[in-house]
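Working notes for the structure below.
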Number of protein chains: 2
Amino acid sequence: MEETPKILDGPRCREIGRSCACYNLRRAARSITRLYDDFLRPSGLKTTQFSVLMTAKMRGPVTITKLADLTVTERTTLTRNLTILEKKGLIRIEPGLDRRERQVALTEAGHEALVKAIPLWETVQEHVEKGLGQDRLISFLTELRGIVALTR
Amino acid sequence: MEETPKILDGPRCREIGRSCACYNLRRAARSITRLYDDFLRPSGLKTTQFSVLMTAKMRGPVTITKLADLTVTERTTLTRNLTILEKKGLIRIEPGLDRRERQVALTEAGHEALVKAIPLWETVQEHVEKGLGQDRLISFLTELRGIVALTR
DNA sequence: ACGATATAAGTGTATACACACATATTCGGC
DNA sequence: GCCGAATATGTGTGTATACACTTATATCGT
């Protein structure tokens, strides 16, 4: 008559913290997000906002679904994030050719925010490149893409 | 008289999506979180909740600050997460020896939730191990710890 | 014993995330 | 041309995240 079932004491269980891909990925994501957010702070952009603006800029006017697909974000999450950027005046959301669609486009203020943020991003990115080493970073990024591919 | 400043058209800029450690880490974290949450769903636990319960279980009764430190979570974030687990009846938050402290301890229901969740976690973890390969996963986890170490 | 400082925790506010569900529009077969 | 399926988007709800600020308690130097 044990109060604590056996499964909770197995060796496998004890190493979840070390072996769980999800836990470790989320932990690292929190950690690096703070770093990037910290460097980006003078621009007024959070990392997520910076990423969305950059992607929107790269792809030109793009539908919400397409943008969500590109960034592997839930579409409904992106909708909320875009609302914030729209309120800040950094993007415009306009009707597309198809009346169901809505096109996301950067405003002038959006461009200016990116111009301010990009040098800050360069700085923190270089910090990470130096800390990890260029080669390790590159292979690490490859692994990250592998994770994304794994779950599609 | 260009409308779009030059910085937004440089080659460095065009590859942010591929080279940004933060963007790619967050993207992968979203992706794998969906996978783990999907497998864990029958247990009624989200990945985050599972991780917190496991850590609390491993460390025994532990203060909130210590638990936040272990999981590299903002203490204030953890406070909110713990509130949810407490409402679900999975943990107790009791006063510690030091009257400033509060100790987190699993309830019986918390143990039972883990017993239900662990086999589900095993399944998805094996799925990832097979998808990536054991060796790649291990070195990948090492890189993730390197990221965390980088930002401390 | 007292006051400055350090430590532990909570709250206000805002952003980020996603599932379930609802609505609007288009398209394809008939 | 009409109707069902597919597509594009929005909303309700709940969880996760973190910074700035506040409160409560303990500790340390004198």
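Residues in the structure tokens are named by chain (A, B, ... in the order shown) and by number from 1 within that chain; ligands are numbered from 1 in the order shown.
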Could you make a table, as a Markdown table, of the residues of chain C that have an atom within 12 Å of an atom of chain A, each with its nearest atom pair and distance in Å to one decimal, counting only C-alpha atoms (C1' of nucleotides), in chain and number order?
| residue | atom | partner | partner_atom | distance |
| --- | --- | --- | --- | --- |
| C:DA14 | C1' | A:Ile84 | CA | 10.3 |
| C:DT15 | C1' | A:Asn81 | CA | 8.1 |
| C:DA16 | C1' | A:Thr77 | CA | 7.5 |
| C:DC17 | C1' | A:Thr77 | CA | 5.9 |
| C:DA18 | C1' | A:Glu74 | CA | 6.5 |
| C:DC19 | C1' | A:Thr76 | CA | 9.7 |
| C:DA20 | C1' | A:Thr76 | CA | 11.6 |
| C:DT23 | C1' | A:Arg100 | CA | 10.7 |
| C:DA24 | C1' | A:Arg100 | CA | 6.9 |
| C:DT25 | C1' | A:Arg100 | CA | 5.4 |
| C:DT26 | C1' | A:Asp98 | CA | 8.1 |
| C:DC27 | C1' | A:Asp98 | CA | 12.0 |
Just to be explicit: take each residue in the selection above, keep N, CA and C atoms (P, O5', C5', C4', C3', O3' and C1' of nucleotides), and write the result as a CSV table (one decimal), in the first residue's frame.
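Heads up, here's the output in again01.csv:
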chain,number,residue,atom,x,y,z
C,14,DA,P,-2.4,48.3,-20.2
C,14,DA,O5',-1.6,47.3,-21.1
C,14,DA,C5',-0.2,47.5,-21.2
C,14,DA,C4',0.4,46.3,-21.8
C,14,DA,C3',-0.3,45.7,-23.0
C,14,DA,O3',0.6,45.8,-24.1
C,14,DA,C1',0.3,44.0,-21.5
C,15,DT,P,0.1,45.5,-25.6
C,15,DT,O5',0.9,44.1,-25.9
C,15,DT,C5',2.2,44.0,-25.6
C,15,DT,C4',2.6,42.6,-25.6
C,15,DT,C3',2.3,41.8,-26.8
C,15,DT,O3',3.5,41.2,-27.3
C,15,DT,C1',1.7,40.6,-24.9
C,16,DA,P,3.5,40.3,-28.6
C,16,DA,O5',3.2,38.8,-28.1
C,16,DA,C5',4.2,38.2,-27.3
C,16,DA,C4',3.9,36.7,-27.2
C,16,DA,C3',3.4,36.0,-28.5
C,16,DA,O3',4.1,34.8,-28.6
C,16,DA,C1',1.8,35.7,-26.8
C,17,DC,P,4.0,33.9,-29.8
C,17,DC,O5',2.9,32.8,-29.5
C,17,DC,C5',3.1,31.9,-28.4
C,17,DC,C4',1.8,31.1,-28.1
C,17,DC,C3',1.1,30.6,-29.4
C,17,DC,O3',1.4,29.3,-29.6
C,17,DC,C1',-0.4,31.4,-27.6
C,18,DA,P,0.9,28.5,-30.9
C,18,DA,O5',-0.5,28.0,-30.5
C,18,DA,C5',-0.6,27.1,-29.4
C,18,DA,C4',-2.0,26.8,-29.1
C,18,DA,C3',-2.8,26.4,-30.3
C,18,DA,O3',-3.7,25.3,-30.0
C,18,DA,C1',-3.9,28.1,-29.2
C,19,DC,P,-3.8,24.0,-30.9
C,19,DC,O5',-5.2,23.5,-30.5
C,19,DC,C5',-5.5,23.1,-29.2
C,19,DC,C4',-6.9,23.5,-28.8
C,19,DC,C3',-8.0,23.0,-29.8
C,19,DC,O3',-8.9,22.2,-29.1
C,19,DC,C1',-8.3,25.3,-29.2
C,20,DA,P,-10.0,21.3,-29.9
C,20,DA,O5',-11.4,22.1,-29.8
C,20,DA,C5',-11.8,22.6,-28.5
C,20,DA,C4',-13.0,23.5,-28.6
C,20,DA,C3',-14.0,23.1,-29.7
C,20,DA,O3',-15.3,23.2,-29.1
C,20,DA,C1',-13.3,25.3,-30.2
C,23,DT,P,-22.8,32.4,-36.2
C,23,DT,O5',-21.9,33.2,-37.3
C,23,DT,C5',-21.2,34.3,-36.9
C,23,DT,C4',-20.4,34.8,-38.1
C,23,DT,C3',-21.2,35.0,-39.4
C,23,DT,O3',-21.1,36.3,-39.9
C,23,DT,C1',-19.2,33.8,-39.8
C,24,DA,P,-22.0,36.8,-41.2
C,24,DA,O5',-21.0,36.8,-42.4
C,24,DA,C5',-19.8,37.5,-42.2
C,24,DA,C4',-18.9,37.2,-43.4
C,24,DA,C3',-19.5,37.3,-44.8
C,24,DA,O3',-18.7,38.1,-45.6
C,24,DA,C1',-18.4,35.2,-44.5
C,25,DT,P,-19.3,38.6,-47.0
C,25,DT,O5',-18.5,37.8,-48.1
C,25,DT,C5',-17.1,37.7,-48.0
C,25,DT,C4',-16.6,36.5,-48.7
C,25,DT,C3',-17.1,36.4,-50.2
C,25,DT,O3',-16.0,36.6,-51.0
C,25,DT,C1',-17.0,34.3,-49.1
C,26,DT,P,-16.2,36.7,-52.6
C,26,DT,O5',-15.7,35.3,-53.1
C,26,DT,C5',-14.4,34.8,-52.7
C,26,DT,C4',-14.3,33.3,-53.0
C,26,DT,C3',-14.5,33.0,-54.5
C,26,DT,O3',-13.4,32.4,-55.0
C,26,DT,C1',-15.6,31.5,-53.0
C,27,DC,P,-13.2,32.0,-56.5
C,27,DC,O5',-13.4,30.4,-56.5
C,27,DC,C5',-13.0,29.7,-55.5
C,27,DC,C4',-13.4,28.2,-55.6
C,27,DC,C3',-13.7,27.8,-57.1
C,27,DC,O3',-13.2,26.5,-57.2
C,27,DC,C1',-15.6,27.5,-55.8
**OP:** For chain D, report every residue with an atom at most 12 Å from chain A (counting only C-alpha atoms (C1' of nucleotides)), formatted as a list in words.
**Re:** DT7, DA8, DT9, DG10, DT11, DG12, DA16, DT17, DA18 and DC19 of chain D
Okay, now the selection with N, CA and C atoms (P, O5', C5', C4', C3', O3' and C1' of nucleotides), as a PDB file, in the first residue's frame?
ATOM      1  P    DT D   7      -9.448  23.821 -49.291  1.00  0.00           P
ATOM      2  O5'  DT D   7      -9.667  25.366 -49.002  1.00  0.00           O
ATOM      3  C5'  DT D   7      -9.934  26.237 -50.089  1.00  0.00           C
ATOM      4  C4'  DT D   7     -10.192  27.634 -49.567  1.00  0.00           C
ATOM      5  C3'  DT D   7      -9.145  28.151 -48.576  1.00  0.00           C
ATOM      6  O3'  DT D   7      -8.662  29.380 -49.069  1.00  0.00           O
ATOM      7  C1'  DT D   7     -11.326  28.545 -47.775  1.00  0.00           C
ATOM      8  P    DA D   8      -7.429  30.116 -48.381  1.00  0.00           P
ATOM      9  O5'  DA D   8      -8.184  31.202 -47.505  1.00  0.00           O
ATOM     10  C5'  DA D   8      -8.815  32.316 -48.138  1.00  0.00           C
ATOM     11  C4'  DA D   8      -9.272  33.293 -47.072  1.00  0.00           C
ATOM     12  C3'  DA D   8      -8.242  33.561 -45.975  1.00  0.00           C
ATOM     13  O3'  DA D   8      -8.045  34.971 -45.881  1.00  0.00           O
ATOM     14  C1'  DA D   8     -10.335  32.958 -45.031  1.00  0.00           C
ATOM     15  P    DT D   9      -7.043  35.525 -44.733  1.00  0.00           P
ATOM     16  O5'  DT D   9      -8.035  35.766 -43.512  1.00  0.00           O
ATOM     17  C5'  DT D   9      -9.177  36.613 -43.703  1.00  0.00           C
ATOM     18  C4'  DT D   9     -10.113  36.542 -42.538  1.00  0.00           C
ATOM     19  C3'  DT D   9      -9.505  36.897 -41.180  1.00  0.00           C
ATOM     20  O3'  DT D   9      -9.849  38.227 -40.878  1.00  0.00           O
ATOM     21  C1'  DT D   9     -11.146  35.154 -41.069  1.00  0.00           C
ATOM     22  P    DG D  10      -9.427  38.830 -39.426  1.00  0.00           P
ATOM     23  O5'  DG D  10     -10.650  38.468 -38.463  1.00  0.00           O
ATOM     24  C5'  DG D  10     -11.971  38.870 -38.816  1.00  0.00           C
ATOM     25  C4'  DG D  10     -12.958  38.456 -37.728  1.00  0.00           C
ATOM     26  C3'  DG D  10     -12.568  38.872 -36.305  1.00  0.00           C
ATOM     27  O3'  DG D  10     -13.734  39.318 -35.616  1.00  0.00           O
ATOM     28  C1'  DG D  10     -12.886  36.526 -36.394  1.00  0.00           C
ATOM     29  P    DT D  11     -13.596  39.998 -34.152  1.00  0.00           P
ATOM     30  O5'  DT D  11     -14.417  39.101 -33.126  1.00  0.00           O
ATOM     31  C5'  DT D  11     -15.094  37.952 -33.571  1.00  0.00           C
ATOM     32  C4'  DT D  11     -15.685  37.212 -32.376  1.00  0.00           C
ATOM     33  C3'  DT D  11     -15.338  37.717 -30.976  1.00  0.00           C
ATOM     34  O3'  DT D  11     -16.422  37.405 -30.119  1.00  0.00           O
ATOM     35  C1'  DT D  11     -14.392  35.571 -31.282  1.00  0.00           C
ATOM     36  P    DG D  12     -16.418  37.808 -28.559  1.00  0.00           P
ATOM     37  O5'  DG D  12     -16.217  36.396 -27.833  1.00  0.00           O
ATOM     38  C5'  DG D  12     -17.166  35.348 -28.064  1.00  0.00           C
ATOM     39  C4'  DG D  12     -16.924  34.191 -27.119  1.00  0.00           C
ATOM     40  C3'  DG D  12     -16.559  34.581 -25.682  1.00  0.00           C
ATOM     41  O3'  DG D  12     -17.177  33.656 -24.786  1.00  0.00           O
ATOM     42  C1'  DG D  12     -14.789  33.319 -26.647  1.00  0.00           C
ATOM     43  P    DA D  16      -0.495  26.854 -18.485  1.00  0.00           P
ATOM     44  O5'  DA D  16       0.326  28.007 -19.202  1.00  0.00           O
ATOM     45  C5'  DA D  16       0.704  27.835 -20.546  1.00  0.00           C
ATOM     46  C4'  DA D  16       1.690  28.933 -20.960  1.00  0.00           C
ATOM     47  C3'  DA D  16       2.782  29.227 -19.930  1.00  0.00           C
ATOM     48  O3'  DA D  16       3.998  29.321 -20.653  1.00  0.00           O
ATOM     49  C1'  DA D  16       1.670  31.221 -20.536  1.00  0.00           C
ATOM     50  P    DT D  17       5.401  29.435 -19.930  1.00  0.00           P
ATOM     51  O5'  DT D  17       5.738  30.967 -19.984  1.00  0.00           O
ATOM     52  C5'  DT D  17       5.977  31.600 -21.229  1.00  0.00           C
ATOM     53  C4'  DT D  17       6.007  33.092 -21.067  1.00  0.00           C
ATOM     54  C3'  DT D  17       6.832  33.605 -19.889  1.00  0.00           C
ATOM     55  O3'  DT D  17       8.156  33.827 -20.304  1.00  0.00           O
ATOM     56  C1'  DT D  17       4.855  34.899 -20.324  1.00  0.00           C
ATOM     57  P    DA D  18       9.279  34.222 -19.238  1.00  0.00           P
ATOM     58  O5'  DA D  18       9.052  35.780 -19.036  1.00  0.00           O
ATOM     59  C5'  DA D  18       9.132  36.647 -20.161  1.00  0.00           C
ATOM     60  C4'  DA D  18       8.801  38.067 -19.724  1.00  0.00           C
ATOM     61  C3'  DA D  18       9.569  38.525 -18.482  1.00  0.00           C
ATOM     62  O3'  DA D  18      10.043  39.828 -18.720  1.00  0.00           O
ATOM     63  C1'  DA D  18       7.303  38.946 -18.211  1.00  0.00           C
ATOM     64  P    DC D  19      11.466  40.284 -18.235  1.00  0.00           P
ATOM     65  O5'  DC D  19      11.245  41.838 -17.933  1.00  0.00           O
ATOM     66  C5'  DC D  19      10.694  42.669 -18.945  1.00  0.00           C
ATOM     67  C4'  DC D  19       9.810  43.742 -18.327  1.00  0.00           C
ATOM     68  C3'  DC D  19      10.444  44.487 -17.159  1.00  0.00           C
ATOM     69  O3'  DC D  19      10.393  45.885 -17.426  1.00  0.00           O
ATOM     70  C1'  DC D  19       8.250  43.793 -16.612  1.00  0.00           C
TER      71       DC D  19
END
Subject >> alpha helix (DSSP H) positions in range 1-104 of chain B, given as an MDAnalysis selection string >> reply: chainID B and resid 11:14 16:19 21:40 47:59 64:71 75:87
**OP:** Compute the set of chain A residues within 8 Å of chain B, using only C-alpha atoms, and express it as number ranges by chain.
**Re:** A: 4-5, 7-8, 13-14, 16-33, 35-36, 47-48, 51, 54-55, 58, 71-73, 111, 114-115, 118, 125, 128, 131-132, 137-138, 140-141, 143-148, 150-151
Subject >> Neighbour list for Gly89 in chain B as a PyMOL selection string, cut-off 8 Å, only C-alpha atoms (C1' of nucleotides), skip fewer than 2 positions in-chain >> reply: chain B and resi 85-87+91-92+107+109-110
Could the residues in this selection be written to a file with C-alpha atoms, as a PDB file, in the first residue's frame?
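Heads up, here's the output in result.pdb:
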ATOM      1  CA  LEU B  85      -2.739  24.139 -10.657  1.00  0.00           C
ATOM      2  CA  GLU B  86      -3.997  25.003  -7.186  1.00  0.00           C
ATOM      3  CA  LYS B  87      -7.509  25.659  -8.492  1.00  0.00           C
ATOM      4  CA  ILE B  91      -0.891  21.252  -5.710  1.00  0.00           C
ATOM      5  CA  ARG B  92      -1.045  22.826  -2.274  1.00  0.00           C
ATOM      6  CA  THR B 107      -1.643  16.746  -3.663  1.00  0.00           C
ATOM      7  CA  ALA B 109      -4.748  14.390  -7.226  1.00  0.00           C
ATOM      8  CA  GLY B 110      -1.484  15.877  -8.475  1.00  0.00           C
TER       9      GLY B 110
END
**OP:** Identify all residues of chain B in strand (DSSP E or B) (DSSP on the backbone) and supply them as a PyMOL selection string.
**Re:** chain B and resi 62-63+91-95+102-106
Emit the selected residues as an mmCIF file, in the first residue's frame, including all heavy atoms.
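Generated output (result.cif):
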data_model
loop_
_atom_site.group_PDB
_atom_site.id
_atom_site.type_symbol
_atom_site.label_atom_id
_atom_site.label_comp_id
_atom_site.auth_asym_id
_atom_site.auth_seq_id
_atom_site.Cartn_x
_atom_site.Cartn_y
_atom_site.Cartn_z
ATOM 1 N N VAL B 62 8.940 22.775 -2.195
ATOM 2 C CA VAL B 62 9.950 23.713 -2.657
ATOM 3 C C VAL B 62 9.341 25.108 -2.712
ATOM 4 O O VAL B 62 8.141 25.262 -2.946
ATOM 5 C CB VAL B 62 10.453 23.267 -4.059
ATOM 6 C CG1 VAL B 62 9.324 23.274 -5.069
ATOM 7 C CG2 VAL B 62 11.619 24.084 -4.527
ATOM 8 N N THR B 63 10.152 26.106 -2.454
ATOM 9 C CA THR B 63 9.614 27.469 -2.499
ATOM 10 C C THR B 63 9.382 27.900 -3.941
ATOM 11 O O THR B 63 9.944 27.329 -4.874
ATOM 12 C CB THR B 63 10.586 28.465 -1.845
ATOM 13 O OG1 THR B 63 11.768 28.528 -2.642
ATOM 14 C CG2 THR B 63 10.941 28.062 -0.433
ATOM 15 N N ILE B 91 -1.942 20.886 -6.659
ATOM 16 C CA ILE B 91 -0.891 21.252 -5.710
ATOM 17 C C ILE B 91 -1.505 21.964 -4.505
ATOM 18 O O ILE B 91 -2.647 22.429 -4.561
ATOM 19 C CB ILE B 91 0.161 22.198 -6.342
ATOM 20 C CG1 ILE B 91 -0.514 23.486 -6.828
ATOM 21 C CG2 ILE B 91 0.918 21.516 -7.455
ATOM 22 C CD1 ILE B 91 0.464 24.575 -7.196
ATOM 23 N N ARG B 92 -0.721 22.002 -3.433
ATOM 24 C CA ARG B 92 -1.045 22.826 -2.274
ATOM 25 C C ARG B 92 0.054 23.861 -2.146
ATOM 26 O O ARG B 92 1.232 23.565 -2.399
ATOM 27 C CB ARG B 92 -1.049 21.975 -0.997
ATOM 28 C CG ARG B 92 -2.370 21.404 -0.571
ATOM 29 C CD ARG B 92 -2.266 20.782 0.826
ATOM 30 N NE ARG B 92 -1.089 19.901 0.929
ATOM 31 C CZ ARG B 92 -1.099 18.615 0.627
ATOM 32 N NH1 ARG B 92 -2.214 18.038 0.228
ATOM 33 N NH2 ARG B 92 0.000 17.882 0.738
ATOM 34 N N ILE B 93 -0.317 25.067 -1.777
ATOM 35 C CA ILE B 93 0.694 26.081 -1.496
ATOM 36 C C ILE B 93 0.571 26.438 -0.032
ATOM 37 O O ILE B 93 -0.418 27.026 0.395
ATOM 38 C CB ILE B 93 0.514 27.317 -2.386
ATOM 39 C CG1 ILE B 93 0.546 26.908 -3.860
ATOM 40 C CG2 ILE B 93 1.613 28.335 -2.103
ATOM 41 C CD1 ILE B 93 0.437 28.055 -4.836
ATOM 42 N N GLU B 94 1.588 26.043 0.734
ATOM 43 C CA GLU B 94 1.513 26.182 2.187
ATOM 44 C C GLU B 94 2.629 27.092 2.681
ATOM 45 O O GLU B 94 3.665 27.233 2.023
ATOM 46 C CB GLU B 94 1.662 24.810 2.841
ATOM 47 C CG GLU B 94 1.464 23.655 1.874
ATOM 48 C CD GLU B 94 1.657 22.305 2.509
ATOM 49 O OE1 GLU B 94 2.828 21.929 2.750
ATOM 50 O OE2 GLU B 94 0.634 21.642 2.762
ATOM 51 N N PRO B 95 2.437 27.694 3.848
ATOM 52 C CA PRO B 95 3.497 28.545 4.389
ATOM 53 C C PRO B 95 4.735 27.718 4.721
ATOM 54 O O PRO B 95 4.626 26.561 5.135
ATOM 55 C CB PRO B 95 2.866 29.116 5.666
ATOM 56 C CG PRO B 95 1.683 28.261 5.947
ATOM 57 C CD PRO B 95 1.231 27.699 4.659
ATOM 58 N N ARG B 102 6.586 30.427 0.653
ATOM 59 C CA ARG B 102 5.447 29.531 0.510
ATOM 60 C C ARG B 102 5.940 28.277 -0.183
ATOM 61 O O ARG B 102 6.645 28.340 -1.189
ATOM 62 C CB ARG B 102 4.343 30.206 -0.297
ATOM 63 C CG ARG B 102 3.891 31.521 0.344
ATOM 64 C CD ARG B 102 2.742 32.134 -0.407
ATOM 65 N NE ARG B 102 1.517 31.364 -0.235
ATOM 66 C CZ ARG B 102 0.459 31.490 -1.024
ATOM 67 N NH1 ARG B 102 0.500 32.326 -2.038
ATOM 68 N NH2 ARG B 102 -0.624 30.768 -0.829
ATOM 69 N N GLN B 103 5.572 27.132 0.358
ATOM 70 C CA GLN B 103 6.041 25.859 -0.172
ATOM 71 C C GLN B 103 5.017 25.254 -1.120
ATOM 72 O O GLN B 103 3.822 25.245 -0.841
ATOM 73 C CB GLN B 103 6.264 24.872 0.993
ATOM 74 C CG GLN B 103 7.267 25.337 2.018
ATOM 75 C CD GLN B 103 8.692 24.984 1.642
ATOM 76 O OE1 GLN B 103 8.917 24.177 0.752
ATOM 77 N NE2 GLN B 103 9.649 25.581 2.327
ATOM 78 N N VAL B 104 5.518 24.764 -2.230
ATOM 79 C CA VAL B 104 4.656 24.089 -3.203
ATOM 80 C C VAL B 104 4.767 22.582 -2.997
ATOM 81 O O VAL B 104 5.864 22.041 -2.983
ATOM 82 C CB VAL B 104 5.086 24.440 -4.646
ATOM 83 C CG1 VAL B 104 4.204 23.709 -5.648
ATOM 84 C CG2 VAL B 104 5.037 25.942 -4.857
ATOM 85 N N ALA B 105 3.632 21.920 -2.830
ATOM 86 C CA ALA B 105 3.620 20.469 -2.659
ATOM 87 C C ALA B 105 2.498 19.852 -3.479
ATOM 88 O O ALA B 105 1.420 20.439 -3.624
ATOM 89 C CB ALA B 105 3.443 20.120 -1.176
ATOM 90 N N LEU B 106 2.771 18.672 -4.037
ATOM 91 C CA LEU B 106 1.739 17.972 -4.807
ATOM 92 C C LEU B 106 0.668 17.406 -3.882
ATOM 93 O O LEU B 106 0.958 16.936 -2.786
ATOM 94 C CB LEU B 106 2.370 16.816 -5.598
ATOM 95 C CG LEU B 106 2.725 17.103 -7.045
ATOM 96 C CD1 LEU B 106 3.790 18.165 -7.132
ATOM 97 C CD2 LEU B 106 3.126 15.841 -7.770
#
**OP:** Report the distance between C1' of DT5 in chain C and C1' of DT22 in chain D in Å, rounded to one decimal place.
**Re:**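 About the pair C1' of DT5 in chain C and C1' of DT22 in chain D: they are 16.7 Å apart.
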